[in-house]
Amino acid sequence: MRILLIAGLWLDGSAWDAVVPGLEARGHHPVPLTLPGQGDGSASATLEDQVASVVAAVDAEDDRVTVVGHSAACTLAWLAADRRPDAVARVVLIGGFPSADGEAYADFFGLQDGVMPFPGWGPFEGPDAVDLPDEARRSIAEAAIPVPGGVAQGVVRLTDERRFAVPVTLVCPEFTPVQAQGWIDAGDVPELARAATVDFLDIDSGHWPMFTGPGDLARLLATAAENG
């Protein structure tokens with residue numbers, strides 16, 4: 001199975017370096033994506049630029065693909081299902097939920113000179129970062145890529161209701177499957193409330209399991225892809 005991997009804010013395709021070998025060992029073909037505005041010097045990149053890049057990666061494959069999104073990029077993975085519902089076999093969401101139509105993609109922190117820089121670890125203290133050692137924190141912060149304002153503040157547009165038929169697997173790191181199901185049932189995640197199939201996989205990690213538990217994450221992603 002071809003597995004497209006989309007990392008969250010401030011990260012590029014290299015975030016998956018430690019996950020790729022585990023997927024390949026299980027017979028899959030992982031494709032980490034580095035999107036416009038992720039380290040290419042393009043501070044003018046927009047959300048639609050990133051969506052178009054993900055869709056192009058889906059179109060480049062000869063067969064149906066699993067699309068994995070981490071954190072804010074869960075919305076990008078879901079947008080791939082919206083734009084190509086017949087080509088996406090499964091969407092896997094790690095530590096995040098898809099935004100609804102009309103919502104901002106990731107307008108979480110203030111912009112500086114047109115980009116959203118990594119805000120430091122303060123906002124993520126607690127379950128998100130509890131398993132990240134100091135060295136990993138330094139490494140991630142030093143490599144963090146400011147997010148173009150046109151991406152962070154881009155408006156999500158969902159148009160094809162066939163996306164709801166695409167199976168979803170939610171990998172739960174800093175929250176539990178029970179908590180996630182509760183948020184969905186309460187109406188906090190309207191896109192997943194309408195999805196026909198939502199499975200849950202638990203992982204004992206904080207918000208960035210690709211760094212703190214890459215082997216376990218590879219195993220779960222392989223399991224999800226094989227169920228597609």
# chains A, B, ... in the order shown; residues from 1 in each chain; ligands from 1

$ select_by_dssp --residues "region 62-92 of chain A" --states "alpha helix (DSSP H)" --output "PDB file with C-alpha atoms, in the first residue's frame"
ATOM      1  CA  CYS A  74      -5.352  16.029   9.648  1.00  0.00           C
ATOM      2  CA  THR A  75      -7.377  18.631   7.760  1.00  0.00           C
ATOM      3  CA  LEU A  76      -5.119  18.271   4.715  1.00  0.00           C
ATOM      4  CA  ALA A  77      -5.611  14.498   4.756  1.00  0.00           C
ATOM      5  CA  TRP A  78      -9.373  14.993   4.960  1.00  0.00           C
ATOM      6  CA  LEU A  79      -9.249  17.532   2.128  1.00  0.00           C
ATOM      7  CA  ALA A  80      -7.535  14.867   0.016  1.00  0.00           C
ATOM      8  CA  ALA A  81     -10.536  12.605   0.643  1.00  0.00           C
ATOM      9  CA  ASP A  82     -12.840  15.470  -0.313  1.00  0.00           C
ATOM     10  CA  ARG A  83     -10.997  16.204  -3.555  1.00  0.00           C
TER      11      ARG A  83
END

$ residues_around --residues "region 156-160 of chain A" --least-positions-apart "6" --cutoff "7 Å" --atoms "only C-alpha atoms" --output "PyMOL selection string"
chain A and resi 79+82+100-105

$ residues_around --residues "Pro173 (chain A)" --least-positions-apart "5" --cutoff "7 Å" --atoms "only C-alpha atoms" --output "ChimeraX atom specification"
/A:95,202-207

$ write_last_selection --atoms "N, CA, C and O atoms" --output "PDB file, in the first residue's frame"
ATOM      1  N   GLY A  95      -3.477  12.498  16.262  1.00  0.00           N
ATOM      2  CA  GLY A  95      -3.464  13.587  17.221  1.00  0.00           C
ATOM      3  C   GLY A  95      -4.186  14.836  16.777  1.00  0.00           C
ATOM      4  O   GLY A  95      -3.833  15.940  17.202  1.00  0.00           O
ATOM      5  N   ASP A 202      -5.004   3.383  19.825  1.00  0.00           N
ATOM      6  CA  ASP A 202      -4.355   4.095  20.926  1.00  0.00           C
ATOM      7  C   ASP A 202      -2.843   3.934  20.832  1.00  0.00           C
ATOM      8  O   ASP A 202      -2.349   2.886  20.412  1.00  0.00           O
ATOM      9  N   ILE A 203      -2.113   4.987  21.179  1.00  0.00           N
ATOM     10  CA  ILE A 203      -0.661   4.924  21.236  1.00  0.00           C
ATOM     11  C   ILE A 203      -0.211   5.662  22.491  1.00  0.00           C
ATOM     12  O   ILE A 203      -0.728   6.744  22.797  1.00  0.00           O
ATOM     13  N   ASP A 204       0.718   5.084  23.201  1.00  0.00           N
ATOM     14  CA  ASP A 204       1.194   5.665  24.461  1.00  0.00           C
ATOM     15  C   ASP A 204       2.286   6.675  24.136  1.00  0.00           C
ATOM     16  O   ASP A 204       3.476   6.352  24.114  1.00  0.00           O
ATOM     17  N   SER A 205       1.880   7.910  23.868  1.00  0.00           N
ATOM     18  CA  SER A 205       2.849   8.945  23.511  1.00  0.00           C
ATOM     19  C   SER A 205       2.208  10.303  23.704  1.00  0.00           C
ATOM     20  O   SER A 205       1.011  10.416  23.997  1.00  0.00           O
ATOM     21  N   GLY A 206       3.025  11.332  23.513  1.00  0.00           N
ATOM     22  CA  GLY A 206       2.502  12.678  23.440  1.00  0.00           C
ATOM     23  C   GLY A 206       2.087  12.997  22.012  1.00  0.00           C
ATOM     24  O   GLY A 206       1.808  12.096  21.213  1.00  0.00           O
ATOM     25  N   HIS A 207       2.115  14.267  21.679  1.00  0.00           N
ATOM     26  CA  HIS A 207       1.555  14.732  20.415  1.00  0.00           C
ATOM     27  C   HIS A 207       2.422  14.422  19.199  1.00  0.00           C
ATOM     28  O   HIS A 207       1.943  14.508  18.071  1.00  0.00           O
TER      29      HIS A 207
END

$ residues_around --residues "Gln179 (chain A)" --least-positions-apart "5" --cutoff "12 Å" --atoms "only C-alpha atoms" --output "list in words"
Gly95, Leu170, Cys172, Pro173, Glu174, Ile184, Asp185, Ala186, Asp188, Val189, Phe200 and Asp202 of chain A

$ closest_atom_pairs --of "region 118-148 of chain A" --to "region 6-10 of chain A" --cutoff "9 Å" --atoms "only C-alpha atoms" --output "CSV"
residue,atom,partner,partner_atom,distance
A:Phe118,CA,A:Trp10,CA,6.6
A:Ile140,CA,A:Trp10,CA,8.8
A:Ala141,CA,A:Trp10,CA,8.8
A:Ala143,CA,A:Trp10,CA,8.1
A:Ala144,CA,A:Trp10,CA,4.8
A:Ile145,CA,A:Trp10,CA,4.5
A:Pro146,CA,A:Trp10,CA,5.8
A:Val147,CA,A:Trp10,CA,6.1

$ atom_distance --atom1 "CA of Ala87 (chain A)" --atom2 "CA of Leu35 (chain A)"
19.7 Å

$ residues_around --residues "region 61-67 of chain A" --least-positions-apart "6" --cutoff "7 Å" --atoms "only C-alpha atoms" --output "PyMOL selection string"
chain A and resi 1-5+77+87-92+225

$ select_by_dssp --residues "region 34-204 of chain A" --states "strand (DSSP E)" --output "MDAnalysis selection string"
chainID A and resid 65:70 88:94 115:116 147:148 168:172 198:202

$ closest_residue --among "A:Ala45, A:Pro214, A:Val31, A:Arg162" --to "Ala60 (chain A)" --atoms "only C-alpha atoms"
A:Val31

$ residues_around --residues "Ala18 (chain A)" --least-positions-apart "4" --cutoff "8 Å" --atoms "only C-alpha atoms" --output "PyMOL selection string"
chain A and resi 22+210-211+214-215

$ atom_distance --atom1 "CA of Gly149 (chain A)" --atom2 "CA of His70 (chain A)"
19.2 Å
